[in-house]
Every structure is written in structure tokens, then in C-alpha cells.
Amino acid sequence: MKVWINGNLVEKEKASISVLDHGVLYGNGVFEGIRVYNGKIFRCDAHMDRLFASAEGIRLPIPPAKQEIVDAMYETIAANGITDGYIRLVVTRGPGTLGLNPFRCSGGSVIIIADQIALYPPEMYETGLEVIIAKTRRMSHEMLSPAVKSCNYLNNIMARIEAVDAGVAEAIMLNADETIAEATGDNVFIVRDGTVATSPPESCGLRGITRQIVIGLAGDLGVPLAEQAVTVEQLYAADECFLTGTAAEVIAVTKVDERIIGSGKAGTITKKLLDAFRQFIRDECEKK
């Protein structure tokens with residue numbers, strides 16, 4: 001595997017950054033997870049816009065222009081023979097002093113990793129996931145804007161550890177108001193009486209790119225959808241539940257805290273939205 005770092009493609013064994021990089025010392029950086037379908041970077045402009053917005057949110061300069069980074073991503077997927085896969089794009093603060101002052105850093109690193117990804121086995125898209133409600137809460141927007149996709153993911157990692165300890169695939173995180181924020185890596189939707197609901201971004205969940213596509217697809221399909229606070233009780237009583245994310249795409253949740261959701265299988269609306277999303281991918285990425 002070849003990794004792109006600051007203008008150079010190097011073998012992964014030789015890919016390195018300084019131990020004094022504040023991305024290493026303090027998680028001071030931003031990132032994007034991006035899918036590649038049929039050799040095309042999916043929703044490239046949206047990911048670039050979010051990367052630069054995240055960086056602006058933490059006052060992190062990104063020296064390369066957006067198009068330079070896009071060109072570098074295509075160079076990296078070509079070097080690794082990736083037709084369908086996943087890109088992890090990371091921008092760090094750069095080497096600095098042993099202290100929190102970010103303005104003593106000498107300039108960050110732009111890192112591009114391209115590889116394969118299969119977050120869940122294919123059969124889970126029919127049988128669905130088992131999840132728990134995590135005790136770890138999502139950080140409030142007063143602590144850090146949920147719009148910033150930062151390299152400091154410890155909050156989500158602690159919730160994922162809870163899921164691993166419980167022997168399930170994912171954990172759903174609540175906010176300070178004890179309504180649903182997001183899963184550790186995905187956005188959360190429920191379906192009740194034919195209407196889809198998902199928490200708004202102000203509930204401290206990331207404004208996911210797949211989430212936005214699915215909201216649009218629901219409208220195209222004539223499926224009613226509301227962005228509103230979703231409680232744990234509403235989740236337990238839902239007819240369907242599903243997650244959306246770059247790696248997961250659209251996947252059903254069929255058990256929460258050992259409570260069966262709906263029929264215990266992927267529901268009708270979830271399947272419609274998954275089919276529509278995959279058709280959206282084909283329409284956008286399979287045309288040369």
C-alpha cells in the first residue's frame with residue numbers, strides 16, 4: 001500500500017509524521033472518510049467543503065487548495081489500484097512544542113490513505129444490527145461544534161468500547177438532553193407509522209453526507225420525514241430503525257438494548273431507502 005503524505009507517495013511502512021505533531025499529541029486535526037465507487041470519489045465536493053469547514057472551525061490552516069487535495073486522492077487510489085474502496089483523508093496541526101498552544105506548530109501534514117473497507121457483512125443488511133444505548137454522552141455544542149469532524153474521537157471511542165463489551169455492533173449516543181445524537185460512527189433514523197424521523201444537527205450529531213442524501217431520497221420517494229428530537233422511548237417503540245454513514249451506507253437496526261425493533265428484520269422503508277441510495281450511487285459514479 002502507498003500512502004500520500006505532503007506531496008509524496010510512500011510505502012505504508014515508511015509513512016511517518018513527527019512524534020511532536022499535535023495531531024499525535026492532542027488529536028488536533030480534522031479528517032474525512034470518503035468512498036470510492038467505480039473509480040470515482042463519491043460526493044467529493046461535499047467532503048472537501050466539510051473538511052475545510054471543520055478546519056476553519058478549529059482555526060487550522062490547510063495549505064493545499066481543494067483541487068490539489070482532490071488530485072492527490074485520485075493519484076493515491078490509482079497507485080493502490082482502488083476501484084471500489086475507502087479514503088481516509090487527515091489533516092494534522094503539525095509539529096509543535098510540548099504544550100497546548102497550536103500557534104507554535106510549524107505546519108501540518110496532509111495524509112491520504114486508500115484501502116478497502118467492509119464495515120458490516122452483506123447479510124447484516126437483511127438481518128440488521130444489534131446496538132445498545134451508550135452511557136457515554138455526546139459532547140454538547142458548547143464544548144465543540146458537532147459540525148467539526150475532528151481527530152479527537154475519544155468520546156465516540158468510549159461509546160464503541162461499551163458496544164464491544166456488550167457484544168454488539170454499535171452504540172447509540174445521547175446528548176445532554178437525553179435525546180438521540182448519533183451512533184459512534186453513523187447517523188440514526190427511526191420509522192413510525194410510515195414517517196421517518198432523525199435528530200437535527202443541533203442535537204449534537206454530525207451533519208452526515210449520507211444522511212443528507214437519504215433525507216433527499218425520502219422526499220423523492222414520497223416518504224414523510226421530520227428532523228426532530230428523538231427520544232429513547234420513541235426508538236424502542238419504532239417500527240424500523242436504520243443508520244446512515246459513508247462506510248455503512250444504509251443499514252437496519254433490529255435490536256436495541258435487547259429490545260426487538262419492529263419485525264426484527266430490515267423494514268420496508270429501510271429497504272426502499274437502501275435501494276434508492278445504491279441507485280443514487282450508480283447514477284452518480286458508474287457513468288464514465
# chains A, B, ... in the order shown; residues from 1 in each chain; ligands from 1
call {"tool": "select_by_dssp", "arguments": {"residues": "region 35-270 of chain A", "states": "alpha helix (DSSP H)", "output": "mmCIF file with C-alpha atoms, in the first residue's frame"}}
result
data_model
loop_
_atom_site.group_PDB
_atom_site.id
_atom_site.type_symbol
_atom_site.label_atom_id
_atom_site.label_comp_id
_atom_site.auth_asym_id
_atom_site.auth_seq_id
_atom_site.Cartn_x
_atom_site.Cartn_y
_atom_site.Cartn_z
ATOM 1 C CA CYS A 44 -16.141 14.704 -3.464
ATOM 2 C CA ASP A 45 -17.163 18.377 -3.311
ATOM 3 C CA ALA A 46 -19.285 17.823 -0.197
ATOM 4 C CA HIS A 47 -16.414 16.092 1.595
ATOM 5 C CA MET A 48 -13.956 18.827 0.618
ATOM 6 C CA ASP A 49 -16.334 21.522 1.791
ATOM 7 C CA ARG A 50 -16.814 19.765 5.146
ATOM 8 C CA LEU A 51 -13.070 19.189 5.592
ATOM 9 C CA PHE A 52 -12.280 22.862 5.072
ATOM 10 C CA ALA A 53 -15.225 23.949 7.236
ATOM 11 C CA SER A 54 -14.019 21.660 10.040
ATOM 12 C CA ALA A 55 -10.523 23.092 9.723
ATOM 13 C CA GLU A 56 -11.853 26.641 9.802
ATOM 14 C CA GLY A 57 -13.883 25.730 12.891
ATOM 15 C CA LYS A 66 -9.108 21.834 -2.525
ATOM 16 C CA GLN A 67 -8.321 20.787 -6.085
ATOM 17 C CA GLU A 68 -4.753 19.859 -5.138
ATOM 18 C CA ILE A 69 -6.111 17.511 -2.470
ATOM 19 C CA VAL A 70 -8.642 16.032 -4.900
ATOM 20 C CA ASP A 71 -5.873 15.403 -7.436
ATOM 21 C CA ALA A 72 -3.781 13.783 -4.695
ATOM 22 C CA MET A 73 -6.672 11.490 -3.729
ATOM 23 C CA TYR A 74 -7.056 10.314 -7.316
ATOM 24 C CA GLU A 75 -3.285 9.799 -7.512
ATOM 25 C CA THR A 76 -3.442 7.696 -4.349
ATOM 26 C CA ILE A 77 -6.328 5.481 -5.420
ATOM 27 C CA ALA A 78 -4.633 4.913 -8.781
ATOM 28 C CA ALA A 79 -1.348 3.986 -7.090
ATOM 29 C CA MET A 124 -26.439 -7.804 8.110
ATOM 30 C CA TYR A 125 -28.197 -5.554 5.596
ATOM 31 C CA GLU A 126 -31.087 -8.034 5.807
ATOM 32 C CA THR A 127 -30.858 -9.187 9.427
ATOM 33 C CA LEU A 154 -12.214 9.641 22.176
ATOM 34 C CA ASN A 155 -15.818 10.420 23.119
ATOM 35 C CA ASN A 156 -17.108 8.136 20.360
ATOM 36 C CA ILE A 157 -14.430 5.529 21.053
ATOM 37 C CA MET A 158 -15.527 5.205 24.675
ATOM 38 C CA ALA A 159 -19.092 4.568 23.494
ATOM 39 C CA ARG A 160 -17.824 1.998 20.987
ATOM 40 C CA ILE A 161 -15.959 0.230 23.803
ATOM 41 C CA GLU A 162 -19.319 -0.092 25.562
ATOM 42 C CA ALA A 163 -20.701 -1.747 22.418
ATOM 43 C CA VAL A 164 -17.763 -4.157 22.227
ATOM 44 C CA ASP A 165 -18.166 -5.035 25.910
ATOM 45 C CA ALA A 166 -21.865 -5.728 25.282
ATOM 46 C CA ILE A 209 -23.227 13.469 3.958
ATOM 47 C CA THR A 210 -25.034 10.128 3.546
ATOM 48 C CA ARG A 211 -27.663 11.449 5.981
ATOM 49 C CA GLN A 212 -28.342 14.431 3.709
ATOM 50 C CA ILE A 213 -28.649 12.196 0.646
ATOM 51 C CA VAL A 214 -31.120 9.898 2.421
ATOM 52 C CA ILE A 215 -33.225 12.867 3.527
ATOM 53 C CA GLY A 216 -33.435 13.931 -0.116
ATOM 54 C CA LEU A 217 -34.232 10.403 -1.294
ATOM 55 C CA ALA A 218 -37.065 10.126 1.239
ATOM 56 C CA GLY A 219 -38.580 13.234 -0.335
ATOM 57 C CA ASP A 220 -38.164 11.790 -3.834
ATOM 58 C CA VAL A 232 -35.053 6.592 23.619
ATOM 59 C CA GLU A 233 -38.714 5.678 24.214
ATOM 60 C CA GLN A 234 -39.552 6.599 20.613
ATOM 61 C CA LEU A 235 -36.650 4.457 19.415
ATOM 62 C CA TYR A 236 -37.828 1.458 21.449
ATOM 63 C CA THR A 268 -39.864 -1.897 4.145
ATOM 64 C CA ILE A 269 -38.896 1.776 4.254
ATOM 65 C CA THR A 270 -35.307 0.959 5.238
#
call {"tool": "residues_around", "arguments": {"residues": "region 12-21 of chain A", "least_positions_apart": "2", "cutoff": "9 Å", "atoms": "only C-alpha atoms", "output": "ChimeraX atom specification"}}
result
/A:1-5,9-10,23-26,28,92-98,105,108-109,113
call {"tool": "write_last_selection", "arguments": {"atoms": "N, CA and C atoms", "output": "compact mmCIF listing (two decimals), in the first residue's frame"}}
result
# COMPACT_ATOMS: atom_id res chain seq x y z
N MET A 1 0.84 -1.19 0.00
CA MET A 1 0.00 0.00 0.00
C MET A 1 0.88 1.25 0.00
N LYS A 2 0.49 2.23 -0.81
CA LYS A 2 1.17 3.52 -0.83
C LYS A 2 0.30 4.58 -0.16
N VAL A 3 0.92 5.41 0.65
CA VAL A 3 0.24 6.48 1.38
C VAL A 3 0.78 7.82 0.90
N TRP A 4 -0.12 8.75 0.70
CA TRP A 4 0.27 10.10 0.25
C TRP A 4 0.46 10.98 1.48
N ILE A 5 1.66 11.55 1.63
CA ILE A 5 1.93 12.48 2.73
C ILE A 5 2.64 13.71 2.18
N LEU A 9 4.08 10.06 -2.46
CA LEU A 9 3.55 8.72 -2.25
C LEU A 9 4.67 7.83 -1.72
N VAL A 10 4.44 7.24 -0.56
CA VAL A 10 5.46 6.38 0.04
C VAL A 10 4.82 5.07 0.46
N GLY A 23 -1.33 16.58 16.13
CA GLY A 23 -2.34 15.57 15.80
C GLY A 23 -2.12 14.30 16.60
N VAL A 24 -0.84 13.96 16.85
CA VAL A 24 -0.49 12.79 17.66
C VAL A 24 -0.64 13.10 19.14
N LEU A 25 -0.13 14.25 19.56
CA LEU A 25 -0.09 14.57 20.99
C LEU A 25 -1.47 14.90 21.55
N TYR A 26 -2.31 15.57 20.75
CA TYR A 26 -3.56 16.08 21.30
C TYR A 26 -4.80 15.80 20.44
N ASN A 28 -5.22 16.96 17.54
CA ASN A 28 -5.51 18.27 16.97
C ASN A 28 -5.42 18.18 15.45
N THR A 92 -3.37 17.21 9.99
CA THR A 92 -2.94 17.42 11.36
C THR A 92 -2.47 18.86 11.56
N ARG A 93 -2.35 19.26 12.83
CA ARG A 93 -1.87 20.60 13.14
C ARG A 93 -0.39 20.75 12.83
N GLY A 94 0.37 19.68 12.99
CA GLY A 94 1.80 19.74 12.71
C GLY A 94 2.65 19.75 13.96
N PRO A 95 3.98 19.59 13.80
CA PRO A 95 4.87 19.55 14.95
C PRO A 95 4.88 20.86 15.72
N GLY A 96 4.91 20.74 17.05
CA GLY A 96 4.94 21.93 17.89
C GLY A 96 5.66 21.63 19.18
N THR A 97 5.37 22.44 20.19
CA THR A 97 6.01 22.27 21.49
C THR A 97 5.17 21.35 22.37
N LEU A 98 5.75 20.94 23.51
CA LEU A 98 5.01 20.12 24.46
C LEU A 98 4.10 21.02 25.30
N CYS A 105 2.94 25.56 16.30
CA CYS A 105 3.18 24.45 15.38
C CYS A 105 3.73 24.99 14.06
N GLY A 108 1.11 21.72 9.36
CA GLY A 108 0.57 20.38 9.49
C GLY A 108 0.89 19.45 8.34
N SER A 109 0.40 18.23 8.48
CA SER A 109 0.56 17.22 7.45
C SER A 109 -0.79 16.90 6.83
N ILE A 113 -4.90 8.01 2.83
CA ILE A 113 -4.80 6.55 2.85
C ILE A 113 -5.96 6.00 2.02
call {"tool": "atom_distance", "arguments": {"atom1": "CA of Ile261 (chain A)", "atom2": "CA of Pro146 (chain A)"}}
result
27.7 Å
call {"tool": "residues_around", "arguments": {"residues": "region 184-201 of chain A", "least_positions_apart": "6", "cutoff": "7 Å", "atoms": "only C-alpha atoms", "output": "PyMOL selection string"}}
result
chain A and resi 156+159-160+170-173+207-208+211+223-230+235+238-245
call {"tool": "write_last_selection", "arguments": {"atoms": "N, CA and C atoms", "output": "PDB file, in the first residue's frame"}}
result
ATOM      1  N   ASN A 156     -16.450   9.199  21.119  1.00  0.00           N
ATOM      2  CA  ASN A 156     -17.108   8.136  20.360  1.00  0.00           C
ATOM      3  C   ASN A 156     -16.456   6.778  20.616  1.00  0.00           C
ATOM      4  N   ALA A 159     -17.779   5.171  23.733  1.00  0.00           N
ATOM      5  CA  ALA A 159     -19.092   4.568  23.494  1.00  0.00           C
ATOM      6  C   ALA A 159     -18.957   3.271  22.704  1.00  0.00           C
ATOM      7  N   ARG A 160     -18.032   3.224  21.756  1.00  0.00           N
ATOM      8  CA  ARG A 160     -17.824   1.998  20.987  1.00  0.00           C
ATOM      9  C   ARG A 160     -17.277   0.884  21.880  1.00  0.00           C
ATOM     10  N   GLU A 170     -22.806  -1.785  17.455  1.00  0.00           N
ATOM     11  CA  GLU A 170     -22.766  -0.322  17.527  1.00  0.00           C
ATOM     12  C   GLU A 170     -23.374   0.155  18.839  1.00  0.00           C
ATOM     13  N   ALA A 171     -23.142   1.439  19.121  1.00  0.00           N
ATOM     14  CA  ALA A 171     -23.753   2.091  20.273  1.00  0.00           C
ATOM     15  C   ALA A 171     -24.358   3.409  19.823  1.00  0.00           C
ATOM     16  N   ILE A 172     -25.530   3.702  20.325  1.00  0.00           N
ATOM     17  CA  ILE A 172     -26.187   4.971  20.051  1.00  0.00           C
ATOM     18  C   ILE A 172     -25.928   5.903  21.223  1.00  0.00           C
ATOM     19  N   MET A 173     -25.525   7.123  20.899  1.00  0.00           N
ATOM     20  CA  MET A 173     -25.153   8.095  21.922  1.00  0.00           C
ATOM     21  C   MET A 173     -26.251   9.137  22.092  1.00  0.00           C
ATOM     22  N   ARG A 207     -23.542  16.402  10.829  1.00  0.00           N
ATOM     23  CA  ARG A 207     -24.372  16.574   9.629  1.00  0.00           C
ATOM     24  C   ARG A 207     -23.794  15.669   8.542  1.00  0.00           C
ATOM     25  N   GLY A 208     -24.156  14.391   8.606  1.00  0.00           N
ATOM     26  CA  GLY A 208     -23.573  13.397   7.723  1.00  0.00           C
ATOM     27  C   GLY A 208     -23.931  13.608   6.266  1.00  0.00           C
ATOM     28  N   ARG A 211     -26.415  11.016   5.347  1.00  0.00           N
ATOM     29  CA  ARG A 211     -27.663  11.449   5.981  1.00  0.00           C
ATOM     30  C   ARG A 211     -28.406  12.430   5.081  1.00  0.00           C
ATOM     31  N   VAL A 223     -41.796   9.680   0.996  1.00  0.00           N
ATOM     32  CA  VAL A 223     -41.823   9.194   2.379  1.00  0.00           C
ATOM     33  C   VAL A 223     -41.746  10.396   3.308  1.00  0.00           C
ATOM     34  N   PRO A 224     -42.727  10.604   4.174  1.00  0.00           N
ATOM     35  CA  PRO A 224     -42.663  11.747   5.094  1.00  0.00           C
ATOM     36  C   PRO A 224     -41.448  11.648   6.011  1.00  0.00           C
ATOM     37  N   LEU A 225     -40.789  12.773   6.232  1.00  0.00           N
ATOM     38  CA  LEU A 225     -39.602  12.780   7.082  1.00  0.00           C
ATOM     39  C   LEU A 225     -39.581  14.056   7.904  1.00  0.00           C
ATOM     40  N   ALA A 226     -39.241  13.910   9.174  1.00  0.00           N
ATOM     41  CA  ALA A 226     -39.146  15.052  10.082  1.00  0.00           C
ATOM     42  C   ALA A 226     -37.793  15.051  10.766  1.00  0.00           C
ATOM     43  N   GLU A 227     -37.156  16.222  10.808  1.00  0.00           N
ATOM     44  CA  GLU A 227     -35.963  16.399  11.623  1.00  0.00           C
ATOM     45  C   GLU A 227     -36.422  16.917  12.975  1.00  0.00           C
ATOM     46  N   GLN A 228     -36.344  16.065  13.981  1.00  0.00           N
ATOM     47  CA  GLN A 228     -36.850  16.421  15.300  1.00  0.00           C
ATOM     48  C   GLN A 228     -36.112  15.604  16.350  1.00  0.00           C
ATOM     49  N   ALA A 229     -36.148  16.093  17.589  1.00  0.00           N
ATOM     50  CA  ALA A 229     -35.533  15.349  18.677  1.00  0.00           C
ATOM     51  C   ALA A 229     -36.206  13.986  18.802  1.00  0.00           C
ATOM     52  N   VAL A 230     -35.390  12.946  18.924  1.00  0.00           N
ATOM     53  CA  VAL A 230     -35.889  11.575  19.039  1.00  0.00           C
ATOM     54  C   VAL A 230     -35.480  11.033  20.407  1.00  0.00           C
ATOM     55  N   LEU A 235     -37.469   5.470  20.094  1.00  0.00           N
ATOM     56  CA  LEU A 235     -36.650   4.457  19.415  1.00  0.00           C
ATOM     57  C   LEU A 235     -37.130   3.057  19.765  1.00  0.00           C
ATOM     58  N   ALA A 238     -40.261   2.181  17.860  1.00  0.00           N
ATOM     59  CA  ALA A 238     -40.248   2.391  16.412  1.00  0.00           C
ATOM     60  C   ALA A 238     -40.607   1.115  15.653  1.00  0.00           C
ATOM     61  N   ASP A 239     -41.173   1.313  14.469  1.00  0.00           N
ATOM     62  CA  ASP A 239     -41.429   0.195  13.559  1.00  0.00           C
ATOM     63  C   ASP A 239     -40.144  -0.242  12.854  1.00  0.00           C
ATOM     64  N   GLU A 240     -39.261   0.716  12.612  1.00  0.00           N
ATOM     65  CA  GLU A 240     -37.972   0.447  11.973  1.00  0.00           C
ATOM     66  C   GLU A 240     -36.950   1.423  12.533  1.00  0.00           C
ATOM     67  N   CYS A 241     -35.700   1.037  12.414  1.00  0.00           N
ATOM     68  CA  CYS A 241     -34.589   1.928  12.744  1.00  0.00           C
ATOM     69  C   CYS A 241     -33.464   1.618  11.777  1.00  0.00           C
ATOM     70  N   PHE A 242     -32.755   2.644  11.347  1.00  0.00           N
ATOM     71  CA  PHE A 242     -31.595   2.394  10.497  1.00  0.00           C
ATOM     72  C   PHE A 242     -30.537   3.472  10.721  1.00  0.00           C
ATOM     73  N   LEU A 243     -29.323   3.120  10.347  1.00  0.00           N
ATOM     74  CA  LEU A 243     -28.180   4.021  10.448  1.00  0.00           C
ATOM     75  C   LEU A 243     -27.718   4.406   9.051  1.00  0.00           C
ATOM     76  N   THR A 244     -27.126   5.583   8.935  1.00  0.00           N
ATOM     77  CA  THR A 244     -26.538   6.003   7.668  1.00  0.00           C
ATOM     78  C   THR A 244     -25.126   6.514   7.910  1.00  0.00           C
ATOM     79  N   GLY A 245     -24.240   6.225   6.975  1.00  0.00           N
ATOM     80  CA  GLY A 245     -22.868   6.704   7.080  1.00  0.00           C
ATOM     81  C   GLY A 245     -22.084   6.355   5.836  1.00  0.00           C
TER      82      GLY A 245
END
call {"tool": "atom_distance", "arguments": {"atom1": "CA of Pro64 (chain A)", "atom2": "CA of Arg43 (chain A)"}}
result
19.4 Å
call {"tool": "atom_distance", "arguments": {"atom1": "CA of Leu119 (chain A)", "atom2": "CA of Gly167 (chain A)"}}
result
15.9 Å
call {"tool": "residues_around", "arguments": {"residues": "region 175-177 of chain A", "least_positions_apart": "2", "cutoff": "9 Å", "atoms": "only C-alpha atoms", "output": "list in words"}}
result
Arg137, Arg138, Met139, Ser140, Met173, Thr179, Ile180, Ala181, Glu182, Ser203, Cys204 and Gly205 of chain A
call {"tool": "write_last_selection", "arguments": {"atoms": "C-alpha atoms", "output": "CSV table (one decimal), in the first residue's frame"}}
result
chain,number,residue,atom,x,y,z
A,137,ARG,CA,-22.9,11.1,26.2
A,138,ARG,CA,-22.1,13.0,23.1
A,139,MET,CA,-20.3,16.2,23.8
A,140,SER,CA,-22.5,19.3,23.7
A,173,MET,CA,-25.2,8.1,21.9
A,179,THR,CA,-32.3,12.6,23.2
A,180,ILE,CA,-30.5,10.7,20.4
A,181,ALA,CA,-27.5,12.5,19.0
A,182,GLU,CA,-25.9,9.8,16.7
A,203,SER,CA,-28.9,17.6,18.8
A,204,CYS,CA,-25.1,17.2,18.6
A,205,GLY,CA,-24.9,14.7,15.8
